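Q: Below is data.txt; it holds compact mmCIF, C-alpha atoms and all ligand atoms.
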# COMPACT_ATOMS: atom_id res chain seq x y z
CA MET A 1 0.00 0.00 0.00
CA THR A 2 1.24 3.51 -0.79
CA GLN A 3 2.19 5.59 2.24
CA LYS A 4 -0.54 8.18 2.72
CA GLY A 5 0.34 11.84 2.48
CA VAL A 6 0.28 14.28 5.38
CA LEU A 7 -2.72 16.52 5.79
CA ALA A 8 -1.45 19.94 6.90
CA VAL A 9 -4.06 22.38 8.15
CA VAL A 10 -2.97 26.01 8.08
CA SER A 11 -5.05 28.68 9.83
CA GLY A 12 -4.33 32.20 10.93
CA PHE A 13 -5.79 35.64 11.26
CA SER A 14 -7.01 37.16 8.03
CA GLY A 15 -4.05 39.28 6.89
CA ALA A 16 -1.45 37.12 8.68
CA GLY A 17 0.10 36.24 5.33
CA LYS A 18 -1.25 32.71 4.75
CA GLY A 19 -1.97 33.23 1.06
CA THR A 20 1.46 34.80 0.55
CA LEU A 21 3.14 31.91 2.39
CA MET A 22 1.27 29.34 0.31
CA LYS A 23 2.31 31.00 -2.93
CA GLU A 24 5.94 31.06 -1.77
CA LEU A 25 5.82 27.43 -0.58
CA LEU A 26 4.23 26.13 -3.78
CA GLY A 27 6.63 28.19 -5.88
CA ARG A 28 9.59 26.48 -4.20
CA HIS A 29 8.29 22.92 -3.93
CA ASP A 30 6.13 21.16 -6.47
CA SER A 31 5.37 18.21 -4.18
CA TYR A 32 2.40 19.80 -2.40
CA ALA A 33 -1.28 19.62 -3.26
CA LEU A 34 -3.11 22.75 -2.16
CA SER A 35 -6.81 22.19 -1.65
CA ILE A 36 -8.97 24.81 -3.35
CA SER A 37 -11.95 25.76 -1.22
CA ALA A 38 -15.43 26.69 -2.31
CA THR A 39 -16.83 30.03 -1.16
CA THR A 40 -19.88 32.23 -1.55
CA ARG A 41 -17.86 35.45 -1.20
CA GLN A 42 -17.20 37.68 -4.19
CA PRO A 43 -13.82 37.31 -5.93
CA ARG A 44 -11.25 40.01 -5.06
CA GLU A 45 -9.53 41.79 -7.88
CA GLY A 46 -7.13 39.39 -9.58
CA GLU A 47 -8.70 36.26 -8.14
CA VAL A 48 -9.64 33.57 -10.64
CA ASP A 49 -12.40 30.97 -10.28
CA GLY A 50 -10.81 27.55 -9.76
CA ARG A 51 -7.44 29.03 -8.75
CA GLU A 52 -7.92 30.89 -5.43
CA TYR A 53 -11.41 29.49 -4.82
CA PHE A 54 -14.36 27.89 -6.51
CA PHE A 55 -16.72 30.87 -6.32
CA MET A 56 -20.36 29.85 -6.14
CA THR A 57 -23.84 30.90 -5.13
CA LYS A 58 -25.31 30.17 -1.71
CA GLU A 59 -27.77 27.77 -3.38
CA LYS A 60 -25.01 25.74 -5.03
CA PHE A 61 -23.01 25.71 -1.78
CA GLU A 62 -26.01 24.46 0.18
CA GLN A 63 -26.61 21.77 -2.40
CA MET A 64 -23.02 20.55 -1.90
CA ILE A 65 -23.55 20.52 1.87
CA ALA A 66 -26.62 18.31 1.35
CA GLU A 67 -24.55 15.96 -0.85
CA ASN A 68 -21.89 15.62 1.90
CA ALA A 69 -19.37 16.93 -0.64
CA PHE A 70 -17.41 18.93 1.98
CA ILE A 71 -14.99 17.58 4.61
CA GLU A 72 -15.92 20.69 6.58
CA TYR A 73 -17.47 24.06 6.01
CA ALA A 74 -17.90 27.18 8.08
CA GLN A 75 -19.48 30.59 7.97
CA TYR A 76 -16.96 33.39 8.14
CA VAL A 77 -17.97 37.05 8.15
CA ASN A 78 -21.31 36.39 6.37
CA ASN A 79 -20.04 33.92 3.77
CA TYR A 80 -19.71 30.16 3.49
CA TYR A 81 -16.30 28.53 2.98
CA GLY A 82 -15.82 24.77 2.54
CA THR A 83 -13.25 22.11 1.67
CA PRO A 84 -14.33 19.78 -1.17
CA ARG A 85 -13.81 16.20 0.00
CA LYS A 86 -12.84 14.39 -3.20
CA TYR A 87 -9.64 16.23 -4.10
CA VAL A 88 -8.20 15.95 -0.58
CA GLU A 89 -8.88 12.23 -0.23
CA ASP A 90 -7.62 11.40 -3.72
CA ARG A 91 -4.34 13.25 -3.19
CA LEU A 92 -3.73 11.83 0.31
CA ASN A 93 -4.39 8.30 -0.97
CA ALA A 94 -1.89 8.92 -3.76
CA GLY A 95 0.72 9.73 -1.09
CA GLN A 96 0.85 13.48 -1.68
CA ASP A 97 1.02 16.00 1.19
CA VAL A 98 -2.10 18.13 1.11
CA ILE A 99 -2.46 21.63 2.53
CA LEU A 100 -5.75 23.13 3.66
CA GLU A 101 -5.79 26.84 4.34
CA ILE A 102 -8.91 27.20 6.46
CA GLU A 103 -10.22 29.11 9.46
CA VAL A 104 -10.30 27.80 13.03
CA GLN A 105 -13.77 26.21 13.25
CA GLY A 106 -13.05 24.21 10.11
CA ALA A 107 -9.57 23.24 11.34
CA MET A 108 -11.02 21.77 14.54
CA LEU A 109 -13.55 19.76 12.50
CA VAL A 110 -10.78 18.42 10.25
CA LYS A 111 -8.63 17.41 13.23
CA LYS A 112 -11.56 15.38 14.61
CA GLN A 113 -11.94 13.49 11.32
CA TYR A 114 -8.20 13.18 10.61
CA PRO A 115 -6.39 12.87 13.96
CA ASP A 116 -3.02 12.52 12.15
CA ALA A 117 -3.40 15.95 10.53
CA VAL A 118 -0.76 18.50 11.53
CA THR A 119 -2.29 21.85 12.47
CA ILE A 120 -0.38 25.12 12.13
CA PHE A 121 -1.51 28.60 13.16
CA VAL A 122 0.08 31.52 11.30
CA THR A 123 0.32 34.89 13.04
CA PRO A 124 2.15 38.16 12.39
CA PRO A 125 4.52 39.23 15.17
CA SER A 126 2.00 41.74 16.63
CA ALA A 127 -1.58 43.02 16.43
CA GLN A 128 -0.32 46.36 15.04
CA GLU A 129 1.44 44.50 12.24
CA LEU A 130 -1.77 42.55 11.53
CA LYS A 131 -3.72 45.78 11.13
CA ARG A 132 -0.95 47.21 8.99
CA ARG A 133 -0.98 44.16 6.68
CA LEU A 134 -4.77 44.15 6.38
CA THR A 135 -4.82 47.84 5.57
CA GLY A 136 -1.78 47.58 3.28
CA ARG A 137 -3.39 44.78 1.25
CA GLY A 138 -6.00 47.33 0.27
CA THR A 139 -8.67 44.76 -0.61
CA GLU A 140 -11.23 45.38 2.15
CA THR A 141 -13.18 48.37 3.37
CA GLU A 142 -12.41 49.82 6.81
CA GLU A 143 -15.58 48.25 8.13
CA VAL A 144 -14.58 44.77 6.93
CA ILE A 145 -11.11 45.26 8.43
CA ARG A 146 -12.70 46.15 11.78
CA GLY A 147 -14.77 42.94 11.52
CA ARG A 148 -11.67 40.90 10.79
CA MET A 149 -9.71 42.42 13.71
CA LYS A 150 -12.61 41.51 16.04
CA ARG A 151 -12.74 38.03 14.59
CA ALA A 152 -8.95 37.76 15.17
CA ALA A 153 -9.50 38.40 18.90
CA GLU A 154 -11.95 35.46 18.94
CA GLU A 155 -9.59 33.24 16.95
CA ALA A 156 -6.69 33.99 19.30
CA LYS A 157 -8.55 32.05 22.00
CA LEU A 158 -8.17 28.87 19.91
CA MET A 159 -4.51 29.28 18.92
CA GLY A 160 -3.42 27.00 21.76
CA PHE A 161 -5.25 24.04 20.21
CA TYR A 162 -2.91 23.99 17.22
CA ASP A 163 0.14 21.73 17.05
CA TYR A 164 2.40 24.60 15.93
CA LEU A 165 2.44 28.37 15.96
CA LEU A 166 4.21 29.96 12.98
CA ILE A 167 5.19 33.59 13.52
CA ASN A 168 5.30 35.00 10.00
CA ASP A 169 7.83 37.80 10.37
CA ASP A 170 10.40 37.13 7.66
CA LEU A 171 8.53 35.53 4.74
CA LYS A 172 11.40 33.37 3.45
CA GLU A 173 12.23 32.02 6.91
CA SER A 174 8.57 31.28 7.63
CA THR A 175 8.19 29.44 4.31
CA GLU A 176 11.16 27.22 5.14
CA GLN A 177 9.82 26.57 8.66
CA LEU A 178 6.45 25.55 7.24
CA HIS A 179 8.11 23.21 4.74
CA GLN A 180 10.24 21.62 7.46
CA LEU A 181 7.22 21.06 9.72
CA ILE A 182 5.46 19.14 6.97
CA VAL A 183 8.58 17.20 5.93
CA GLN A 184 9.16 16.15 9.55
CA SER A 185 5.51 15.12 9.98
CA HIS A 186 5.73 13.04 6.81
CA LYS A 187 8.87 11.29 8.09
CA ALA A 188 7.36 10.70 11.53
CA MET A 189 4.21 9.24 9.98
CA SER A 190 6.22 6.91 7.72
CA LEU A 191 8.40 5.69 10.59
CA GLN A 192 5.36 5.16 12.76
CA GLY A 193 3.59 3.20 9.99
CA GLU A 194 6.65 1.02 9.36
CA PHE A 195 7.11 0.32 13.07
CA ILE A 196 3.44 -0.57 13.57
CA SER A 197 3.60 -3.09 10.66
CA LYS A 198 6.83 -4.56 12.04
CA ILE A 199 5.65 -5.02 15.60
CA GLU A 200 2.26 -6.36 14.51
CA LYS A 201 4.04 -9.04 12.48
CA GLU A 202 6.35 -9.85 15.39
CA LEU A 203 3.48 -10.07 17.85
CA ASN A 204 1.66 -12.45 15.52
CA GLU A 205 4.75 -14.65 15.29
CA VAL A 206 5.31 -14.66 19.04
CA ASN A 207 1.65 -15.37 19.78
CA LYS A 208 1.57 -18.19 17.18
CA GLY A 209 4.55 -19.84 18.83
CA GLU A 210 2.89 -20.00 22.26
P1 LIG A 301 -3.98 36.12 4.48
O1 LIG A 301 -3.98 35.17 3.29
O2 LIG A 301 -3.51 35.47 5.73
O3 LIG A 301 -5.28 36.85 4.67
P2 LIG A 301 -2.14 37.71 2.79
O4 LIG A 301 -1.24 36.62 2.30
O5 LIG A 301 -3.14 38.26 1.86
O6 LIG A 301 -2.87 37.23 4.17
O7 LIG A 301 -1.21 38.85 3.36
C1 LIG A 301 -1.72 40.08 3.86
C2 LIG A 301 -0.77 41.21 3.50
O8 LIG A 301 0.46 41.06 4.25
C3 LIG A 301 -0.37 41.21 2.04
O9 LIG A 301 -0.34 42.55 1.57
C4 LIG A 301 1.03 40.58 2.03
O10 LIG A 301 1.82 41.07 0.97
C5 LIG A 301 1.58 41.01 3.40
N1 LIG A 301 2.52 40.03 3.97
C6 LIG A 301 2.41 38.68 3.99
N2 LIG A 301 3.46 38.10 4.63
C7 LIG A 301 4.26 39.11 5.03
C8 LIG A 301 5.51 39.16 5.76
N3 LIG A 301 6.13 38.05 6.19
N4 LIG A 301 6.04 40.37 6.00
C9 LIG A 301 5.40 41.50 5.56
N5 LIG A 301 4.25 41.53 4.88
C10 LIG A 301 3.66 40.35 4.61
P1 LIG A 302 -10.60 35.10 2.64
O1 LIG A 302 -12.00 35.64 2.40
O2 LIG A 302 -9.70 36.13 3.26
O3 LIG A 302 -10.02 34.47 1.40
O4 LIG A 302 -10.74 33.94 3.70
C1 LIG A 302 -11.38 34.14 4.91
C2 LIG A 302 -11.12 32.99 5.84
O5 LIG A 302 -11.74 31.79 5.35
C3 LIG A 302 -9.65 32.67 6.02
O6 LIG A 302 -9.42 32.54 7.43
C4 LIG A 302 -9.48 31.35 5.31
O7 LIG A 302 -8.45 30.57 5.91
C5 LIG A 302 -10.84 30.73 5.53
N1 LIG A 302 -11.15 29.66 4.60
C6 LIG A 302 -10.83 29.57 3.29
N2 LIG A 302 -11.28 28.43 2.78
C7 LIG A 302 -11.89 27.75 3.78
C8 LIG A 302 -12.55 26.47 3.88
O8 LIG A 302 -12.65 25.70 2.94
N3 LIG A 302 -13.08 26.14 5.09
C9 LIG A 302 -12.98 26.93 6.17
N4 LIG A 302 -13.50 26.49 7.32
N5 LIG A 302 -12.36 28.14 6.11
C10 LIG A 302 -11.83 28.54 4.94
Mind turning the file's structure into structure tokens?
Ligand code: ADP
Ligand code: 5GP
A:
Amino acid sequence: MTQKGVLAVVSGFSGAGKGTLMKELLGRHDSYALSISATTRQPREGEVDGREYFFMTKEKFEQMIAENAFIEYAQYVNNYYGTPRKYVEDRLNAGQDVILEIEVQGAMLVKKQYPDAVTIFVTPPSAQELKRRLTGRGTETEEVIRGRMKRAAEEAKLMGFYDYLLINDDLKESTEQLHQLIVQSHKAMSLQGEFISKIEKELNEVNKGE
């Protein structure tokens, strides 16, 4: 049987730099499969359907919920966001490491279904820097930014549930740290799998001989 890939769940405050990190990571390593989520929010300038997200109506999204086509979904600042199940399971079964970039409620739901998933929370070094990045991105109104800063305060309460905290200060360093976390998880999972097979075989032998 092929060794399954690692499921890496990346969350973080809106504006923490997750999208930027993903772009950098995928630009450097072609081994990763990045799950593309579905959403009911409007595309931002420059976003392409099927690349950043599958943009869809609320009706279509709700139909997919009814068909159990999502691993998880959540409502975030008045829109639905969800992870399509098929792509993730196909890639993991093919042995590829899969990255989900999703918010905290969704991450907790994924961890329940996939206990081996490695969860990583991305944060800027400070709240001031978060506000600066959100404002600097220039894609949201002041009101939306205020909503996202409030949401960040709620999300901070759940940061401790993640396996790792990634402080995204220097982008290149953070990208390398993220890559190493996933590489190490992949190795640990392989070693664990090999050891479990080995000791199961040995236990069978020993028990047969008694
Ligand atoms: P998210 O996907 O988490 O909402 P983005 O990737 O859109 O965040 O990043 C928000 C803004 O912060 C963008 O303008 C991006 O260029 C900037 N940014 C991302 N990472 C860093 C970093 N390490 N240092 C400085 N600015 C960053
Ligand atoms: P944005 O609108 O800035 O692209 O994303 C808003 C939030 O939704 C981010 O925190 C992002 O991680 C999260 N998100 C994106 N896709 C999904 C998804 O499929 N499921 C969940 N639960 N959250 C998602």
Q: Between A:Thr141, A:Gln184, A:Ser197, A:Ser14, which has the minimum distance to ligand LIG 302 (chain A) (counting only C-alpha atoms and all ligand atoms)?
A: A:Ser14
Q: Counting only C-alpha atoms, note down every residue that has an atom within 12 Å of the point (-4.3, 23.6, 20.4) (file coordinates), as a PyMOL selection string.
A: chain A and resi 11+104+107-108+111+118-121+155-165
Q: Would you list the contacts of range 190-194 of chain A as a PDB file with C-alpha atoms, in the frame of the given file, taking every protein, DNA or RNA residue within 12 Å and counting only C-alpha atoms, but skipping same-chain residues closer than 3 positions in sequence?
A:
ATOM      1  CA  MET A   1       0.000   0.000   0.000  1.00  0.00           C
ATOM      2  CA  THR A   2       1.240   3.510  -0.790  1.00  0.00           C
ATOM      3  CA  GLN A   3       2.190   5.590   2.240  1.00  0.00           C
ATOM      4  CA  LYS A   4      -0.540   8.180   2.720  1.00  0.00           C
ATOM      5  CA  GLY A   5       0.340  11.840   2.480  1.00  0.00           C
ATOM      6  CA  VAL A   6       0.280  14.280   5.380  1.00  0.00           C
ATOM      7  CA  GLY A  95       0.720   9.730  -1.090  1.00  0.00           C
ATOM      8  CA  ASP A 116      -3.020  12.520  12.150  1.00  0.00           C
ATOM      9  CA  VAL A 183       8.580  17.200   5.930  1.00  0.00           C
ATOM     10  CA  GLN A 184       9.160  16.150   9.550  1.00  0.00           C
ATOM     11  CA  SER A 185       5.510  15.120   9.980  1.00  0.00           C
ATOM     12  CA  HIS A 186       5.730  13.040   6.810  1.00  0.00           C
ATOM     13  CA  LYS A 187       8.870  11.290   8.090  1.00  0.00           C
ATOM     14  CA  SER A 197       3.600  -3.090  10.660  1.00  0.00           C
ATOM     15  CA  LYS A 198       6.830  -4.560  12.040  1.00  0.00           C
ATOM     16  CA  ILE A 199       5.650  -5.020  15.600  1.00  0.00           C
ATOM     17  CA  GLU A 200       2.260  -6.360  14.510  1.00  0.00           C
ATOM     18  CA  LYS A 201       4.040  -9.040  12.480  1.00  0.00           C
TER      19      LYS A 201
END
Q: Between A:Pro115, A:Gly136, A:Gly106, A:Gly17, which residue has the minimum interatomic distance to ligand LIG 302 (chain A), considering all atoms listed in the file?
A: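 The closest residue to ligand LIG 302 (chain A) is A:Gly106.
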Q: Point out the residue among A:Thr175, A:Thr20, A:Gln63, A:Asn79 with the least atom-to-atom distance to ligand LIG 301 (chain A), counting only C-alpha atoms and all ligand atoms.
A: A:Thr20
Q: Dig up all the protein and nucleic acid residues within 12 Å of (-21.0, 27.6, -4.7) in the file frame, using only C-alpha atoms, and format them as a ChimeraX atom specification.
A: /A:37-42,49-50,53-65,69-70,73,79-84
Q: Under the rule that only C-alpha atoms and all ligand atoms are counted, which of A:Val10, A:Met189, A:Leu134, A:Ile99 is the nearest residue to ligand LIG 301 (chain A)?
A: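 Checking each of A:Val10, A:Met189, A:Leu134, A:Ile99 against ligand LIG 301 (chain A), counting only C-alpha atoms and all ligand atoms, the winner is A:Leu134.
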Q: Give me the residues near Leu26 in chain A as an MDAnalysis selection string, where near means some atom within 12 Å (using only C-alpha atoms) and where sequence neighbours in that chain fewer than 5 positions away do not count.
A: chainID A and resid 19:21 31:35 97:99 175:176 178:179
Q: Write the residues you've just listed into a file as a PDB file, in the frame of the given file, and include C-alpha atoms for each of them.
A:
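Output file selection-v6.pdb follows:
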ATOM      1  CA  GLY A  19      -1.970  33.230   1.060  1.00  0.00           C
ATOM      2  CA  THR A  20       1.460  34.800   0.550  1.00  0.00           C
ATOM      3  CA  LEU A  21       3.140  31.910   2.390  1.00  0.00           C
ATOM      4  CA  SER A  31       5.370  18.210  -4.180  1.00  0.00           C
ATOM      5  CA  TYR A  32       2.400  19.800  -2.400  1.00  0.00           C
ATOM      6  CA  ALA A  33      -1.280  19.620  -3.260  1.00  0.00           C
ATOM      7  CA  LEU A  34      -3.110  22.750  -2.160  1.00  0.00           C
ATOM      8  CA  SER A  35      -6.810  22.190  -1.650  1.00  0.00           C
ATOM      9  CA  ASP A  97       1.020  16.000   1.190  1.00  0.00           C
ATOM     10  CA  VAL A  98      -2.100  18.130   1.110  1.00  0.00           C
ATOM     11  CA  ILE A  99      -2.460  21.630   2.530  1.00  0.00           C
ATOM     12  CA  THR A 175       8.190  29.440   4.310  1.00  0.00           C
ATOM     13  CA  GLU A 176      11.160  27.220   5.140  1.00  0.00           C
ATOM     14  CA  LEU A 178       6.450  25.550   7.240  1.00  0.00           C
ATOM     15  CA  HIS A 179       8.110  23.210   4.740  1.00  0.00           C
TER      16      HIS A 179
END
